[in-house]
Structure formats: structure tokens, C-alpha cells
Amino acid sequence: MMRIRGVHEGRAFDGGEELIAQPGARWIDVQHPDEATLNRLAERFGLHRLAIEDCLHLDQRPKLEEYPGHLFIVLQAFSCSDKSLTDVTLHELHFFLGPDWLITVHEQSHRAIEAVHKRLDADVGQTLGRGVDFVAYLLADAQVDLGFPLMDHFTEALDELEDSIFQQRLSAPMERIFELKRQLVLVRKVLSPQRDVLTMLARRGLPGVSERTTLYFRDVSDHLVRILEQVDTNRELLSNAREAWLSVVANRTNEITKQLTVLASIFLPLSFIAGFFGQNFDVLSERPFFVLMLSSMVLVPTFMVAWFRRKGWF
């Protein structure tokens, strides 16, 4: 179900037509967009048809496009419902930034948007009074900051993975390694082009973004760079965990091979003794040879076991 809400000067609105018709500075937030509503907004604010088409297909990469009279911005963020990182959710947010209006379009609500709504509800006059570009900054900042708790979850998951590898508590650590790697690749694939978008927003001279607000966007860009650095660090740690697991497997295989080799070495002379004294000669069946055979079968493996232990082979 579509929902339109937003703020206009000193008032908060939870409905579409009245808010769209208001003059002056305003933020219009559209959730679950439909084509009819977006066409009405395009007619009212002069939104470009290509940008409207992108909003109808919420699977765009982060980008910034300049159209006559407004900017079109796409930003994305990730959140996770649990620390296992099995369900990483992508949040895509589209911005139309005009001279005195801001329109945001998204499919699902999430913490970043709700946090900005609460801030505006608490002090709508002062916050909106700083310009709609400042509201766009608040939304971008809240979107990017979703990455910090996600990276914390990745760090905790990697610590647990490393402990389980060395303590051999996981039955299939490679499966977990590739699961985390797949999520990190997805995060980097999305956030890497977003860095370029925020860098452009932090430059002076962009229409619709005041010089004062570019300083705030520079701070958001710095936050995103820190998150990308954490992504790269976690990817390195994940590669190290993979190498550690392969080393553990190789060491375990070598240990098993060594033990089997020791057993084979012990039974090799026993096989020779049994074969030699088992020959079909009458003299070998006499009592002295029988005692010699039994003594050899006891003394030889005992000596070999003592020797192997002294060498530290098992």
C-alpha cells in the first residue's frame, strides 16, 4: 500500500494531495510508489521521465544525475536483522532534490528514514529551515551510518569463525567462509560506486546543494570511506581465515598420514617374521625357532614403538 508523508515548514503531513499542493520548502516521502502518483509528482515538480522510470524499478546502482531544475540521486544501504548475517537487506532510496523541495522514493521503510522523520517531527521548523538539501544530507548520513553496525556484525562473525577454525568446532567452515565472502562482495559492489556519488555531492557548485551543506556531505563521504576500508579489511581477514582452515586441514591430514605410516612401519617387520617362520620347513617348526618367532614378534614392535616415541613421531 502506497504511503505519502512529509513535512512543510512547521507542519508534518501524512497524506498526499495536501502536501503536494503546498507552496514553499517541503519534503515529500513516498513509500511503495505507483506510476500514477509518480506521474502526478512529475507533472507538479517537472521531474524527468527517465528518473521516474528508474523509480518504478527499484534496482538501480548508486548514481547522481543532473536534470533541468533538479538533481536525481540514488543511494543504497544495508541492514541485518541478526548477527549471523544470513539475511542482509538492501535499502534503496531515490532523491529528487529541487530548489525548495525534496522528494524521496523507496519501497520499504527502515531505521534511517524513520530516524529523520522523528528528528523533523521534534524540530521541523529549525531543521527544514536550513534547506531541503540539509534534509537530503540527514537522509544520506542515516543511510550510510547503517553500514557501521553491519561491519561490527561482520567483525564479530569473523572472530567467531577464526576461533571455531582453530578449535575445530565447525563441521563445514568453508561453507561459512564463502557465505560471508558473498555478502561482503555484495556490500562492496553496492557501496563502491556510492562513494563517487557522495564525492560529487561534497563538491562546491552543484545546483541545489549549498556550500554549507557540501561540508556535511563531505563528512558522509568520509564515513563511507571508513566503511569501505572495513569491508576491505574484513575481506582480508576472511582470506586469512580460509588459509588458516586449509592449514588446519593439511596439518590434520599430515598427522593422520604420519600415524598410519607408523602403524604400517610396525606391522611391516611383523609380516616379514610371520612369513619367514611360516615357511613349510620342518626345522622351523621346532621349539627354539617357535620361541624365537614369538620373541621377535614382541620385541621388534616394542623396540620400534619406543624408538618412534623417542623421535616424537607419535
# chains A, B, ... in the order shown; residues from 1 in each chain; ligands from 1
call {"tool": "residues_around", "arguments": {"residues": "A:Leu191", "least_positions_apart": "2", "cutoff": "9 Å", "atoms": "only C-alpha atoms", "output": "list in words"}}
result
Pro62, Leu75, Gln76, Ala77, Leu186, Val187, Arg188, Lys189, Pro193, Gln194, Arg195, Leu224, Ile227 and Leu228 of chain A
call {"tool": "residues_around", "arguments": {"residues": "A:Val262", "least_positions_apart": "4", "cutoff": "8 Å", "atoms": "only C-alpha atoms", "output": "list in words"}}
result
Lys258, Ile266, Phe308 and Trp313 of chain A
call {"tool": "write_last_selection", "arguments": {"atoms": "N, CA and C atoms", "output": "compact mmCIF listing (two decimals), in the first residue's frame"}}
result
# COMPACT_ATOMS: atom_id res chain seq x y z
N LYS A 258 50.88 -39.58 9.17
CA LYS A 258 52.01 -39.98 9.99
C LYS A 258 51.65 -41.17 10.89
N ILE A 266 55.23 -50.52 11.86
CA ILE A 266 55.27 -51.52 12.94
C ILE A 266 54.86 -52.89 12.41
N PHE A 308 60.05 -44.72 17.98
CA PHE A 308 59.17 -43.70 17.41
C PHE A 308 58.80 -42.64 18.45
N TRP A 313 57.47 -38.98 16.98
CA TRP A 313 56.62 -39.16 15.79
C TRP A 313 55.18 -39.45 16.15
call {"tool": "atom_distance", "arguments": {"atom1": "atom CA of A:Val209", "atom2": "atom CA of A:His57"}}
result
26.1 Å
call {"tool": "residues_around", "arguments": {"residues": "A:Cys55", "least_positions_apart": "5", "cutoff": "10 Å", "atoms": "only C-alpha atoms", "output": "list in words"}}
result
Pro33, Asp34, Glu35, Leu38, Arg49, Leu50, Gln60, Val74, Glu92, Leu93, His94, Phe95, Thr104, Val105, His106 and Glu107 of chain A
call {"tool": "residues_around", "arguments": {"residues": "A:Pro301", "least_positions_apart": "3", "cutoff": "10 Å", "atoms": "only C-alpha atoms", "output": "ChimeraX atom specification"}}
result
/A:263,265-270,296-298,304-307
call {"tool": "write_last_selection", "arguments": {"atoms": "C-alpha atoms", "output": "compact mmCIF listing (two decimals), in the first residue's frame"}}
result
# COMPACT_ATOMS: atom_id res chain seq x y z
CA LEU A 263 51.32 -48.36 12.15
CA SER A 265 56.04 -49.48 9.80
CA ILE A 266 55.27 -51.52 12.94
CA PHE A 267 53.37 -54.20 11.08
CA LEU A 268 55.85 -54.46 8.22
CA PRO A 269 58.50 -56.43 10.20
CA LEU A 270 55.75 -58.49 11.84
CA SER A 296 60.70 -61.37 17.72
CA MET A 297 57.03 -60.53 17.32
CA VAL A 298 57.00 -58.99 20.80
CA MET A 304 60.00 -49.67 17.21
CA VAL A 305 57.30 -48.05 19.36
CA ALA A 306 59.94 -46.91 21.87
CA TRP A 307 62.08 -45.56 19.06
call {"tool": "atom_distance", "arguments": {"atom1": "atom CA of A:Arg252", "atom2": "atom CA of A:Arg235"}}
result
25.6 Å
call {"tool": "closest_residue", "arguments": {"among": "A:Leu90, A:Val116, A:Ala157, A:Val248", "to": "A:Glu179", "atoms": "only C-alpha atoms"}}
result
A:Ala157
call {"tool": "closest_residue", "arguments": {"among": "A:Pro288, A:Gly24, A:Pro173, A:Gly278", "to": "A:Trp245", "atoms": "only C-alpha atoms"}}
result
A:Pro173
